[in-house]
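Content type mmCIF, C-alpha atoms and all ligand atoms, from the file start33.cif:
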data_work
#
loop_
_atom_site.label_atom_id
_atom_site.label_comp_id
_atom_site.auth_asym_id
_atom_site.auth_seq_id
_atom_site.Cartn_x
_atom_site.Cartn_y
_atom_site.Cartn_z
CA MET A 71 -42.39 -66.32 80.73
CA SER A 72 -40.55 -63.34 79.23
CA ALA A 73 -40.00 -63.30 75.49
CA VAL A 74 -36.25 -62.45 75.73
CA ALA A 75 -34.44 -64.33 72.98
CA SER A 76 -31.86 -66.80 74.33
CA ALA A 77 -28.48 -67.36 72.72
CA PRO A 78 -28.25 -70.71 70.93
CA LYS A 79 -27.28 -73.59 73.17
CA GLY A 80 -23.53 -73.90 73.42
CA LEU A 81 -23.31 -70.38 71.86
CA GLU A 82 -23.20 -72.10 68.46
CA GLY A 83 -22.63 -69.57 65.69
CA VAL A 84 -22.33 -66.61 68.08
CA VAL A 85 -19.49 -64.21 67.27
CA ALA A 86 -17.99 -63.22 70.63
CA ALA A 87 -14.61 -61.73 69.66
CA GLU A 88 -12.58 -60.42 66.74
CA THR A 89 -9.27 -62.05 65.91
CA GLU A 90 -6.56 -61.73 63.29
CA MET A 91 -5.07 -65.10 64.19
CA SER A 92 -7.01 -67.94 62.60
CA PHE A 93 -9.62 -68.03 59.87
CA ILE A 94 -11.82 -71.11 59.58
CA ASP A 95 -14.26 -72.02 56.83
CA GLY A 96 -16.01 -75.06 58.25
CA GLN A 97 -17.93 -75.84 55.06
CA LYS A 98 -14.90 -75.81 52.78
CA GLY A 99 -12.44 -77.20 55.33
CA ILE A 100 -10.12 -74.20 55.31
CA LEU A 101 -7.89 -73.11 58.18
CA GLU A 102 -5.44 -70.22 57.91
CA TYR A 103 -3.17 -68.64 60.49
CA VAL A 104 -2.87 -64.91 59.76
CA GLY A 105 -4.06 -65.66 56.22
CA ILE A 106 -1.53 -68.44 55.52
CA PRO A 107 -3.10 -71.86 54.77
CA ILE A 108 -2.32 -74.35 57.54
CA GLY A 109 -0.83 -76.81 55.03
CA GLU A 110 1.74 -74.19 53.96
CA LEU A 111 2.77 -73.72 57.57
CA SER A 112 2.95 -77.42 58.40
CA SER A 113 5.10 -77.96 55.28
CA ASN A 114 7.42 -74.99 55.68
CA SER A 115 7.31 -73.43 59.12
CA THR A 116 8.40 -74.36 62.63
CA PHE A 117 6.44 -74.11 65.86
CA GLU A 118 8.57 -71.19 67.05
CA GLU A 119 7.96 -69.28 63.82
CA THR A 120 4.24 -70.08 63.97
CA VAL A 121 3.94 -68.66 67.48
CA PHE A 122 5.77 -65.51 66.37
CA LEU A 123 3.32 -65.27 63.47
CA LEU A 124 0.28 -65.64 65.73
CA TRP A 125 1.50 -63.11 68.25
CA ASN A 126 2.81 -60.53 65.77
CA LYS A 127 0.44 -61.14 62.83
CA ARG A 128 3.38 -61.44 60.40
CA LEU A 129 6.23 -63.82 59.63
CA PRO A 130 9.52 -62.87 61.31
CA LYS A 131 12.73 -61.88 59.57
CA GLN A 132 15.63 -64.24 60.37
CA ASN A 133 17.10 -62.03 63.11
CA GLU A 134 13.67 -61.63 64.72
CA LEU A 135 13.09 -65.38 64.69
CA ASP A 136 16.55 -65.97 66.18
CA GLU A 137 15.86 -63.50 68.95
CA PHE A 138 12.42 -64.94 69.67
CA THR A 139 13.80 -68.49 69.72
CA GLN A 140 16.67 -67.58 72.05
CA ASN A 141 14.28 -65.78 74.33
CA LEU A 142 12.07 -68.87 74.50
CA ARG A 143 15.01 -71.22 75.09
CA LYS A 144 16.09 -69.11 78.09
CA ARG A 145 12.76 -70.08 79.67
CA TYR A 146 13.10 -73.85 79.23
CA GLU A 147 14.46 -74.40 82.76
CA LEU A 148 12.00 -74.09 85.65
CA PRO A 149 12.39 -71.44 88.36
CA LYS A 150 14.33 -72.61 91.41
CA GLY A 151 12.03 -74.54 93.71
CA MET A 152 9.64 -75.70 90.97
CA GLU A 153 11.65 -78.85 90.27
CA GLN A 154 11.09 -79.95 93.84
CA ARG A 155 7.37 -79.28 93.49
CA VAL A 156 7.24 -81.62 90.49
CA THR A 157 9.16 -84.40 92.22
CA SER A 158 6.97 -84.19 95.32
CA LEU A 159 3.76 -84.88 93.37
CA PRO A 160 1.97 -88.23 93.65
CA LYS A 161 3.20 -90.46 90.83
CA THR A 162 -0.38 -91.46 90.13
CA ALA A 163 -1.42 -87.90 89.23
CA GLU A 164 -2.81 -87.25 85.74
CA PRO A 165 -0.43 -85.15 83.65
CA MET A 166 -3.20 -82.67 82.74
CA HIS A 167 -3.88 -82.06 86.44
CA VAL A 168 -0.15 -81.67 86.98
CA LEU A 169 0.20 -79.20 84.13
CA ARG A 170 -2.80 -77.15 85.25
CA THR A 171 -1.63 -77.02 88.87
CA LEU A 172 1.99 -76.21 88.13
CA VAL A 173 1.26 -73.58 85.49
CA SER A 174 -0.90 -71.95 88.13
CA SER A 175 1.90 -72.16 90.69
CA LEU A 176 4.34 -70.42 88.31
CA ALA A 177 2.62 -67.18 89.37
CA MET A 178 4.19 -67.59 92.80
CA TYR A 179 7.68 -67.58 91.28
CA ASP A 180 7.03 -64.36 89.37
CA SER A 181 7.97 -61.15 91.18
CA ASP A 182 5.19 -59.24 89.43
CA PRO A 183 2.57 -61.88 88.58
CA ASN A 184 -0.38 -59.57 88.02
CA ALA A 185 1.18 -57.20 85.48
CA ASN A 186 -1.00 -57.48 82.41
CA ASP A 187 -0.11 -54.68 80.04
CA VAL A 188 0.44 -56.24 76.64
CA ASP A 189 4.27 -56.36 76.90
CA ALA A 190 4.28 -57.89 80.38
CA ALA A 191 1.59 -60.39 79.36
CA GLN A 192 3.64 -61.45 76.34
CA ASP A 193 6.71 -61.95 78.50
CA LYS A 194 4.75 -64.10 80.97
CA ALA A 195 3.20 -66.07 78.13
CA LEU A 196 6.69 -66.83 76.84
CA ASN A 197 7.61 -68.02 80.33
CA ILE A 198 4.69 -70.41 80.41
CA LEU A 199 5.40 -71.62 76.87
CA GLY A 200 9.03 -72.30 77.81
CA HIS A 201 8.29 -73.94 81.16
CA ALA A 202 5.26 -76.08 80.26
CA PRO A 203 7.16 -78.79 78.32
CA THR A 204 9.66 -79.05 81.17
CA ILE A 205 6.84 -79.52 83.69
CA VAL A 206 5.35 -82.36 81.63
CA ALA A 207 8.67 -84.07 80.90
CA TYR A 208 9.94 -83.77 84.49
CA PHE A 209 6.70 -85.19 85.85
CA ASP A 210 6.74 -88.09 83.41
CA ARG A 211 10.29 -89.01 84.40
CA HIS A 212 9.50 -88.57 88.09
CA ARG A 213 6.56 -90.96 87.89
CA ARG A 214 8.69 -93.49 86.04
CA GLY A 215 11.31 -93.26 88.79
CA LEU A 216 13.93 -91.86 86.38
CA ASP A 217 16.40 -89.00 86.88
CA LEU A 218 15.18 -85.72 85.44
CA VAL A 219 16.77 -84.67 82.16
CA HIS A 220 17.37 -80.95 82.19
CA PRO A 221 16.53 -78.92 79.09
CA ASP A 222 19.10 -78.37 76.37
CA THR A 223 18.92 -74.79 75.12
CA SER A 224 20.68 -75.70 71.87
CA LEU A 225 17.54 -77.63 70.86
CA SER A 226 14.28 -76.49 69.32
CA PHE A 227 11.01 -76.60 71.28
CA ALA A 228 10.10 -79.95 69.72
CA GLU A 229 13.55 -81.55 69.98
CA ASN A 230 14.05 -80.38 73.55
CA PHE A 231 10.73 -81.77 74.75
CA LEU A 232 11.41 -85.24 73.32
CA TYR A 233 14.97 -85.08 74.67
CA MET A 234 13.79 -84.25 78.21
CA LEU A 235 11.19 -87.00 78.04
CA ASN A 236 13.36 -89.81 76.65
CA GLY A 237 16.85 -88.81 77.76
CA GLU A 238 18.16 -88.96 74.20
CA LYS A 239 17.95 -86.62 71.26
CA PRO A 240 15.11 -87.53 68.90
CA THR A 241 15.73 -88.49 65.29
CA GLU A 242 15.16 -85.71 62.77
CA THR A 243 11.99 -87.45 61.55
CA MET A 244 10.48 -87.71 65.03
CA ALA A 245 11.39 -84.14 65.97
CA ARG A 246 9.91 -82.81 62.74
CA ALA A 247 6.74 -84.89 63.17
CA PHE A 248 6.31 -83.51 66.67
CA ASP A 249 7.02 -79.98 65.45
CA ILE A 250 4.30 -80.36 62.80
CA CYS A 251 1.83 -81.54 65.48
CA MET A 252 2.69 -78.43 67.48
CA ILE A 253 2.06 -76.18 64.44
CA LEU A 254 -1.28 -77.83 63.66
CA HIS A 255 -2.64 -77.51 67.20
CA ALA A 256 -1.48 -73.96 67.90
CA ASP A 257 -4.66 -71.98 67.28
CA HIS A 258 -8.24 -72.55 66.25
CA GLY A 259 -10.60 -69.62 66.55
CA LEU A 260 -12.78 -69.20 69.60
CA ASN A 261 -12.75 -72.82 70.73
CA ASN A 262 -13.79 -73.53 74.32
CA SER A 263 -10.37 -73.19 75.97
CA THR A 264 -9.49 -70.07 73.99
CA PHE A 265 -12.80 -68.51 74.94
CA THR A 266 -12.00 -69.44 78.55
CA THR A 267 -8.67 -67.60 78.28
CA ARG A 268 -10.38 -64.50 76.92
CA VAL A 269 -13.14 -64.59 79.54
CA ILE A 270 -10.66 -64.83 82.40
CA ILE A 271 -8.23 -62.18 81.16
CA SER A 272 -11.16 -59.84 80.40
CA THR A 273 -11.58 -59.39 84.17
CA LEU A 274 -7.99 -58.08 84.16
CA SER A 275 -7.00 -61.07 86.21
CA ASP A 276 -3.51 -62.42 85.43
CA VAL A 277 -1.88 -64.43 82.66
CA TYR A 278 -1.33 -67.48 84.89
CA SER A 279 -5.01 -67.64 85.83
CA ALA A 280 -6.08 -67.31 82.20
CA ILE A 281 -3.84 -70.12 80.95
CA THR A 282 -4.62 -72.32 83.96
CA GLY A 283 -8.34 -72.01 83.23
CA ALA A 284 -7.73 -72.87 79.59
CA ILE A 285 -5.86 -76.05 80.52
CA GLY A 286 -8.83 -77.06 82.65
CA SER A 287 -11.16 -76.53 79.71
CA LEU A 288 -8.96 -78.37 77.23
CA ARG A 289 -8.84 -81.59 79.21
CA GLY A 290 -12.56 -82.29 78.70
CA PRO A 291 -13.32 -85.28 76.43
CA LEU A 292 -15.43 -83.11 74.12
CA HIS A 293 -12.41 -80.85 73.55
CA GLY A 294 -8.69 -81.73 73.73
CA GLY A 295 -9.29 -84.89 75.73
CA ALA A 296 -10.74 -86.55 72.62
CA ASN A 297 -7.30 -87.65 71.35
CA GLU A 298 -6.93 -89.95 74.35
CA GLY A 299 -10.44 -91.26 73.68
CA VAL A 300 -9.43 -92.09 70.10
CA MET A 301 -6.44 -94.12 71.25
CA LYS A 302 -8.51 -96.00 73.83
CA MET A 303 -10.99 -96.85 71.07
CA LEU A 304 -8.23 -98.05 68.73
CA ASN A 305 -6.85 -100.22 71.52
CA GLU A 306 -10.28 -101.75 72.13
CA ILE A 307 -10.47 -103.00 68.54
CA PRO A 308 -8.63 -106.34 68.47
CA THR A 309 -7.66 -106.43 64.78
CA VAL A 310 -8.17 -104.48 61.57
CA ASP A 311 -10.87 -106.97 60.58
CA ASP A 312 -12.90 -106.05 63.68
CA ALA A 313 -12.84 -102.29 63.03
CA GLU A 314 -15.96 -102.03 60.88
CA ALA A 315 -18.20 -104.11 63.19
CA TYR A 316 -16.91 -102.21 66.22
CA ILE A 317 -17.76 -98.83 64.75
CA MET A 318 -21.11 -99.98 63.38
CA GLY A 319 -21.99 -101.13 66.90
CA LYS A 320 -21.13 -97.72 68.29
CA ILE A 321 -23.15 -95.96 65.59
CA GLN A 322 -26.16 -98.19 66.26
CA ARG A 323 -25.96 -97.49 70.00
CA LYS A 324 -25.68 -93.76 69.14
CA ASP A 325 -22.35 -93.51 70.98
CA LYS A 326 -20.22 -90.48 70.19
CA ILE A 327 -17.14 -91.59 68.29
CA MET A 328 -14.12 -89.73 69.53
CA GLY A 329 -12.11 -87.84 66.93
CA PHE A 330 -15.18 -87.19 64.75
CA GLY A 331 -17.50 -84.24 64.46
CA HIS A 332 -16.83 -80.60 65.08
CA ARG A 333 -18.80 -77.55 66.05
CA VAL A 334 -17.36 -75.62 63.09
CA TYR A 335 -16.22 -78.15 60.44
CA LYS A 336 -18.90 -79.93 58.49
CA THR A 337 -16.28 -81.56 56.29
CA LYS A 338 -12.86 -83.06 57.00
CA ASP A 339 -10.81 -80.87 59.31
CA PRO A 340 -7.78 -79.75 57.24
CA ARG A 341 -5.53 -80.55 60.20
CA ALA A 342 -6.80 -84.13 60.08
CA THR A 343 -5.71 -84.30 56.43
CA ASP A 344 -2.15 -83.23 57.34
CA LEU A 345 -2.04 -85.49 60.37
CA GLN A 346 -3.30 -88.42 58.36
CA SER A 347 -0.29 -88.29 56.02
CA LEU A 348 2.01 -87.88 59.00
CA ALA A 349 0.37 -90.79 60.86
CA LYS A 350 0.60 -93.02 57.79
CA LYS A 351 4.31 -92.36 57.31
CA LEU A 352 5.17 -92.70 61.00
CA ALA A 353 3.10 -95.88 61.28
CA GLU A 354 5.13 -97.40 58.43
CA ASP A 355 8.42 -96.24 59.96
CA THR A 356 7.59 -97.60 63.42
CA GLY A 357 5.76 -100.84 62.54
CA ASN A 358 2.36 -99.51 63.57
CA GLN A 359 0.64 -100.14 60.24
CA GLU A 360 -2.17 -102.03 61.99
CA LEU A 361 -3.07 -98.94 64.01
CA TYR A 362 -3.17 -96.75 60.93
CA ALA A 363 -5.18 -99.37 59.03
CA LYS A 364 -7.81 -99.48 61.81
CA SER A 365 -8.05 -95.68 61.74
CA HIS A 366 -8.44 -95.66 57.99
CA ILE A 367 -11.29 -98.19 58.10
CA ILE A 368 -13.04 -96.22 60.85
CA GLU A 369 -12.82 -93.09 58.72
CA GLN A 370 -14.32 -94.90 55.70
CA VAL A 371 -17.19 -96.39 57.73
CA MET A 372 -17.92 -93.06 59.41
CA GLU A 373 -17.97 -91.26 56.07
CA ARG A 374 -20.36 -93.83 54.62
CA GLU A 375 -22.67 -93.82 57.65
CA LEU A 376 -22.49 -90.26 59.01
CA GLY A 377 -20.85 -88.19 56.27
CA ALA A 378 -24.26 -86.86 55.21
CA LYS A 379 -24.63 -85.37 58.71
CA GLY A 380 -21.32 -83.53 58.28
CA ILE A 381 -19.43 -85.73 60.73
CA TYR A 382 -15.84 -86.18 59.61
CA PRO A 383 -12.46 -86.68 61.31
CA ASN A 384 -11.27 -83.78 63.42
CA VAL A 385 -7.75 -82.86 64.58
CA ASP A 386 -7.80 -85.49 67.33
CA PHE A 387 -8.46 -88.50 65.15
CA TYR A 388 -5.08 -88.94 63.45
CA SER A 389 -3.13 -87.12 66.13
CA ALA A 390 -3.73 -90.18 68.35
CA THR A 391 -1.86 -92.51 65.95
CA THR A 392 0.79 -89.85 65.36
CA TYR A 393 1.52 -89.38 69.07
CA HIS A 394 1.53 -93.12 69.64
CA CYS A 395 4.10 -93.59 66.87
CA ILE A 396 6.23 -90.79 68.34
CA GLY A 397 6.30 -92.95 71.48
CA LEU A 398 4.13 -90.83 73.76
CA LYS A 399 2.10 -92.47 76.49
CA LEU A 400 -1.67 -92.16 76.28
CA ASP A 401 -2.09 -89.67 79.10
CA LEU A 402 0.46 -87.34 77.50
CA PHE A 403 -1.65 -86.84 74.36
CA THR A 404 -3.82 -84.06 75.77
CA PRO A 405 -0.86 -82.32 77.46
CA MET A 406 0.78 -82.23 73.99
CA PHE A 407 -2.26 -80.38 72.68
CA ALA A 408 -1.93 -77.97 75.61
CA LEU A 409 1.79 -77.30 75.02
CA SER A 410 1.03 -76.18 71.50
CA ARG A 411 -2.22 -74.36 72.26
CA ILE A 412 -0.49 -72.16 74.86
CA GLY A 413 0.72 -70.29 71.75
CA GLY A 414 -2.86 -69.69 70.62
CA TRP A 415 -4.28 -68.95 74.07
CA ALA A 416 -1.57 -66.38 74.65
CA GLY A 417 -2.16 -64.73 71.28
CA HIS A 418 -5.87 -64.37 72.01
CA MET A 419 -5.08 -63.03 75.46
CA LEU A 420 -2.87 -60.35 73.90
CA GLU A 421 -5.64 -59.43 71.46
CA GLN A 422 -8.12 -59.25 74.33
CA LEU A 423 -5.87 -57.07 76.47
CA ALA A 424 -5.20 -54.71 73.57
CA ASP A 425 -8.93 -53.95 73.27
CA ASN A 426 -10.56 -55.24 76.41
CA ARG A 427 -14.15 -55.27 77.51
CA LEU A 428 -15.32 -57.47 80.37
CA TYR A 429 -17.17 -60.59 79.19
CA ARG A 430 -20.44 -60.66 81.05
CA PRO A 431 -23.36 -62.21 79.18
CA LYS A 432 -26.75 -62.77 80.75
CA ALA A 433 -28.55 -65.94 81.68
CA GLN A 434 -32.25 -66.09 80.95
CA TYR A 435 -34.06 -67.02 84.14
CA VAL A 436 -36.54 -69.81 83.46
CA GLY A 437 -37.48 -70.72 87.03
CA ALA A 438 -40.49 -69.93 89.21
CA HIS A 439 -41.41 -66.56 90.78
CA ASP A 440 -43.13 -65.44 93.95
CA GLN A 441 -42.54 -68.67 95.84
CA PRO A 442 -43.17 -68.75 99.60
CA TYR A 443 -40.25 -69.35 101.95
CA VAL A 444 -41.20 -72.65 103.60
CA ALA A 445 -39.98 -73.15 107.13
CA MET A 446 -37.57 -76.06 107.60
CA SER A 447 -40.06 -77.98 109.76
CA ASP A 448 -42.72 -77.78 107.01
CA ARG A 449 -40.65 -78.99 104.03
C1 LIG A 501 -17.07 -81.96 68.84
C2 LIG A 501 -18.53 -82.12 69.24
C3 LIG A 501 -18.66 -81.91 70.75
C4 LIG A 501 -19.36 -81.07 68.49
O1 LIG A 501 -20.57 -81.13 69.06
P1 LIG A 501 -21.85 -80.27 68.66
O2 LIG A 501 -21.54 -79.22 67.66
O3 LIG A 501 -22.46 -79.86 69.93
O4 LIG A 501 -22.70 -81.36 67.89
P2 LIG A 501 -23.76 -82.30 68.53
O5 LIG A 501 -23.16 -83.03 69.68
O6 LIG A 501 -24.99 -81.50 68.80
O7 LIG A 501 -24.01 -83.33 67.35
C5 LIG A 501 -24.89 -83.12 66.27
C6 LIG A 501 -25.35 -84.47 65.78
O8 LIG A 501 -24.23 -85.21 65.28
C7 LIG A 501 -23.99 -86.38 66.07
N1 LIG A 501 -22.55 -86.49 66.35
C8 LIG A 501 -21.71 -85.45 66.56
N2 LIG A 501 -20.48 -85.91 66.76
C9 LIG A 501 -20.55 -87.25 66.68
C10 LIG A 501 -19.58 -88.25 66.82
N3 LIG A 501 -18.33 -87.98 67.09
N4 LIG A 501 -19.98 -89.53 66.69
C11 LIG A 501 -21.26 -89.82 66.41
N5 LIG A 501 -22.23 -88.90 66.26
C12 LIG A 501 -21.88 -87.63 66.40
C13 LIG A 501 -24.76 -86.13 67.37
O9 LIG A 501 -25.11 -87.33 68.01
C14 LIG A 501 -25.94 -85.34 66.89
O10 LIG A 501 -26.84 -86.24 66.30
P3 LIG A 501 -28.43 -85.99 66.37
O11 LIG A 501 -28.65 -84.74 65.56
O12 LIG A 501 -29.01 -87.22 65.75
O13 LIG A 501 -28.77 -85.82 67.82
C15 LIG A 501 -19.06 -83.54 68.87
O14 LIG A 501 -18.96 -83.73 67.47
C16 LIG A 501 -18.35 -84.64 69.62
O15 LIG A 501 -18.72 -84.94 70.76
N6 LIG A 501 -17.30 -85.27 68.99
C17 LIG A 501 -16.53 -86.28 69.66
C18 LIG A 501 -15.49 -85.65 70.57
C19 LIG A 501 -14.36 -85.02 69.79
O16 LIG A 501 -13.77 -85.63 68.92
N7 LIG A 501 -14.02 -83.80 70.19
C20 LIG A 501 -12.90 -83.06 69.62
C21 LIG A 501 -13.35 -81.86 68.81
S1 LIG A 501 -11.99 -81.12 67.99
#
Would you mind writing the file out in structure tokens?
Amino acid sequence: MSAVASAPKGLEGVVAAETEMSFIDGQKGILEYVGIPIGELSSNSTFEETVFLLWNKRLPKQNELDEFTQNLRKRYELPKGMEQRVTSLPKTAEPMHVLRTLVSSLAMYDSDPNANDVDAAQDKALNILGHAPTIVAYFDRHRRGLDLVHPDTSLSFAENFLYMLNGEKPTETMARAFDICMILHADHGLNNSTFTTRVIISTLSDVYSAITGAIGSLRGPLHGGANEGVMKMLNEIPTVDDAEAYIMGKIQRKDKIMGFGHRVYKTKDPRATDLQSLAKKLAEDTGNQELYAKSHIIEQVMERELGAKGIYPNVDFYSATTYHCIGLKLDLFTPMFALSRIGGWAGHMLEQLADNRLYRPKAQYVGAHDQPYVAMSDR
């Protein structure tokens, strides 16, 4: 066997790109977007401003933010013909499959889908960012047998999504909570779906293919799909008093507990800290204290049992309670992650296009050599 060194399994620790978007210190639990601590952004910024920051590597002036926001709002409505595509889908489809398929089909409504100079790519990314919430909300209403609620361009990204979903404008508290979730999920280094985006666009394929691939990556239960896993787990625990025994059972069986552990963080994910306060407040406001209490006990038991191994809550743990309190159905949790992460995927795609080199690593062959070809009749 050759002595070629293999990359670590799962490419752990391998630096495969440079970025100016997010900085993560997994030991200290630090996350910054363009140098600004995530907590500062979740306290003071909006999702629209955060996307501008990620794409331009600076905060916008007021007129720039207004222009960016207006430009995004113009893209809320779907291209003619797309609405009919949504309403012809099977009502049993999973929203992540719907989002992936329809984001891909947006390419067919673009007169120049393959243009991928940085300006064209940014324009297409804005299209996808504007259309994606409408796809999800239209599909959810279609499957519930309700009339579609068309976007309202006087509303922010967060307000408009909840409006299209529920048919009424959200309260300020709900809209702000959702906006904060969008800020917190927008970017996170070279996670699996972001890497997917970069790998696809590095072939000079098109923006739609790159984002479609990323959505496929995100839905996996080890990535963005974990938030749905957290909610299922919380629902399986009958009462707060059962939470400790339930988790201890899982730990003893060596089950993976969704919403815990991270390839990069070996302490509490700073996004989990922000989401925890949000989840606590929303749970009180919406009578879901029991749900929050179960989560809190799980966190305490996990810290006691597995804290020494560096397994702490990640972004998905408290986002489950938060989304539930906002009134979102379980299978919309991962699509919510996707809506926000489109901002991050697109930013990485722009960075990749600005200084592209085709991703093409090697696989180390570990199989046999010089084998005979055995005739079918002799096998
Ligand atoms: C995120 C994740 C895939 C990171 O995985 P990774 O870096 O490959 O880490 P590993 O799966 O190799 O885990 C290392 C050790 O910690 C344990 N571990 C990791 N996450 C765990 C979890 N959520 N629950 C229980 N044990 C866990 C593993 O069993 C392993 O133990 P071992 O050394 O005794 O075999 C993993 O922590 C996980 O599956 N978490 C649950 C899913 C989740 O919440 N994903 C969202 C991430 S934002």
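Separating atom CA of A:Pro130 from atom CA of A:Ser113 is a distance of 16.8 Å.
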How would you write, as a PyMOL selection string, the set of residues no farther than 9 Å from ligand LIG 501 (chain A) when counting all atoms listed in the file?
chain A and resi 79-80+82+261+290-297+299-300+320-321+324-334+339+372+376+379-387
Residue among A:Ser112, A:Thr204, A:Thr309, A:Thr223 lying closest to A:Leu345, counting only C-alpha atoms:
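Between A:Ser112, A:Thr204, A:Thr309, A:Thr223, the residue approaching A:Leu345 most closely is A:Ser112.
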Between A:Leu254, A:Pro240, A:Thr282, A:Ile368, which residue has the minimum interatomic distance to A:Met303, considering all atoms listed in the file?
A:Ile368
Skipping near chain neighbours, those fewer than 3 positions away, what residues fall within 12 Å of A:Phe209 using all atoms listed in the file, listed as a PyMOL selection string?
chain A and resi 152-169+172+202-206+212-219+234-235+401-402+405
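The smallest atom-to-atom distance between A:Ala190 and any of A:Tyr103, A:Arg430, A:Met244, A:Leu423, using all atoms listed in the file, is found for A:Leu423.
Using all atoms listed in the file, the smallest distance between any of A:Arg341, A:His418, A:Arg289, A:Lys150 and A:Glu110 comes from A:Arg341.
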Taking only C-alpha atoms into account, produce a table as a Markdown table in which each residue of stretch 118-153 of chain A with an atom at most 9 Å from an atom of stretch 91-94 of chain A appears once, together with its shortest atom pair and the distance in Å to one decimal, ordered by chain and rising number.
| residue | atom | partner | partner_atom | distance |
| --- | --- | --- | --- | --- |
| A:Leu123 | CA | A:Met91 | CA | 8.4 |
| A:Leu124 | CA | A:Met91 | CA | 5.6 |
| A:Trp125 | CA | A:Met91 | CA | 8.0 |
| A:Lys127 | CA | A:Met91 | CA | 6.9 |
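With distances taken over all atoms listed in the file, A:Asp276 is the one residue among A:Met446, A:Gln346, A:Leu199, A:Asp276 lying closest to A:Met178.
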To one decimal place in Å, what is the distance between atom CA of A:Leu101 and atom CA of A:Gly259?
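For atom CA of A:Leu101 relative to atom CA of A:Gly259, the distance reads 9.5 Å.
Between A:Lys338 and the residues A:Gly96, A:Gly151, A:Leu428, A:Glu242, the shortest atom-to-atom distance, using all atoms listed in the file, involves A:Gly96.
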Report, in Å with one decimal, the straight-line distance from atom CA of A:Val269 to atom CA of A:His201.
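Atom CA of A:Val269 sits 23.4 Å away from atom CA of A:His201.
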Once 3 Å is added on each side, what centre and edge lengths in Å to one decimal does the axis-aligned box around all listed atoms of stretch 184-188 of chain A have, as JSON?
{"center_x": 0.1, "center_y": -57.1, "center_z": 82.3, "size_x": 8.2, "size_y": 10.9, "size_z": 17.4}
Taking 2 positions as the minimum chain separation for residues in the same chain, which residues sit within 9 Å of A:Ala228 when counting only C-alpha atoms? Answer as a PDB file with C-alpha atoms, in the coordinates of the input.
ATOM      1  CA  PHE A 117       6.440 -74.110  65.860  1.00  0.00           C
ATOM      2  CA  LEU A 225      17.540 -77.630  70.860  1.00  0.00           C
ATOM      3  CA  SER A 226      14.280 -76.490  69.320  1.00  0.00           C
ATOM      4  CA  ASN A 230      14.050 -80.380  73.550  1.00  0.00           C
ATOM      5  CA  PHE A 231      10.730 -81.770  74.750  1.00  0.00           C
ATOM      6  CA  LEU A 232      11.410 -85.240  73.320  1.00  0.00           C
ATOM      7  CA  TYR A 233      14.970 -85.080  74.670  1.00  0.00           C
ATOM      8  CA  ALA A 245      11.390 -84.140  65.970  1.00  0.00           C
ATOM      9  CA  ARG A 246       9.910 -82.810  62.740  1.00  0.00           C
ATOM     10  CA  ALA A 247       6.740 -84.890  63.170  1.00  0.00           C
ATOM     11  CA  PHE A 248       6.310 -83.510  66.670  1.00  0.00           C
ATOM     12  CA  ASP A 249       7.020 -79.980  65.450  1.00  0.00           C
ATOM     13  CA  MET A 252       2.690 -78.430  67.480  1.00  0.00           C
TER      14      MET A 252
END
Would you fill the gaps in stretch 304-313 of chain A so it has N, CA and C atoms, then print it as a compact mmCIF listing (two decimals), in the coordinates of the input?
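And here's rebuild_30.txt as it stands now:
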# COMPACT_ATOMS: atom_id res chain seq x y z
N LEU A 304 -9.06 -97.24 69.62
CA LEU A 304 -8.23 -98.05 68.73
C LEU A 304 -7.70 -99.29 69.46
N ASN A 305 -7.37 -99.09 70.74
CA ASN A 305 -6.85 -100.22 71.52
C ASN A 305 -7.92 -101.26 71.82
N GLU A 306 -9.18 -100.81 71.84
CA GLU A 306 -10.28 -101.75 72.13
C GLU A 306 -10.60 -102.64 70.93
N ILE A 307 -10.15 -102.22 69.75
CA ILE A 307 -10.47 -103.00 68.54
C ILE A 307 -9.37 -104.03 68.34
N PRO A 308 -9.71 -105.33 68.47
CA PRO A 308 -8.63 -106.34 68.47
C PRO A 308 -7.79 -106.33 67.19
N THR A 309 -8.44 -106.38 66.02
CA THR A 309 -7.66 -106.43 64.78
C THR A 309 -8.33 -105.52 63.74
N VAL A 310 -7.63 -105.31 62.65
CA VAL A 310 -8.17 -104.48 61.57
C VAL A 310 -9.53 -105.02 61.10
N ASP A 311 -9.63 -106.35 61.07
CA ASP A 311 -10.87 -106.97 60.58
C ASP A 311 -12.07 -106.69 61.48
N ASP A 312 -11.79 -106.31 62.74
CA ASP A 312 -12.90 -106.05 63.68
C ASP A 312 -13.35 -104.58 63.64
N ALA A 313 -12.61 -103.74 62.93
CA ALA A 313 -12.84 -102.29 63.03
C ALA A 313 -14.25 -101.90 62.57
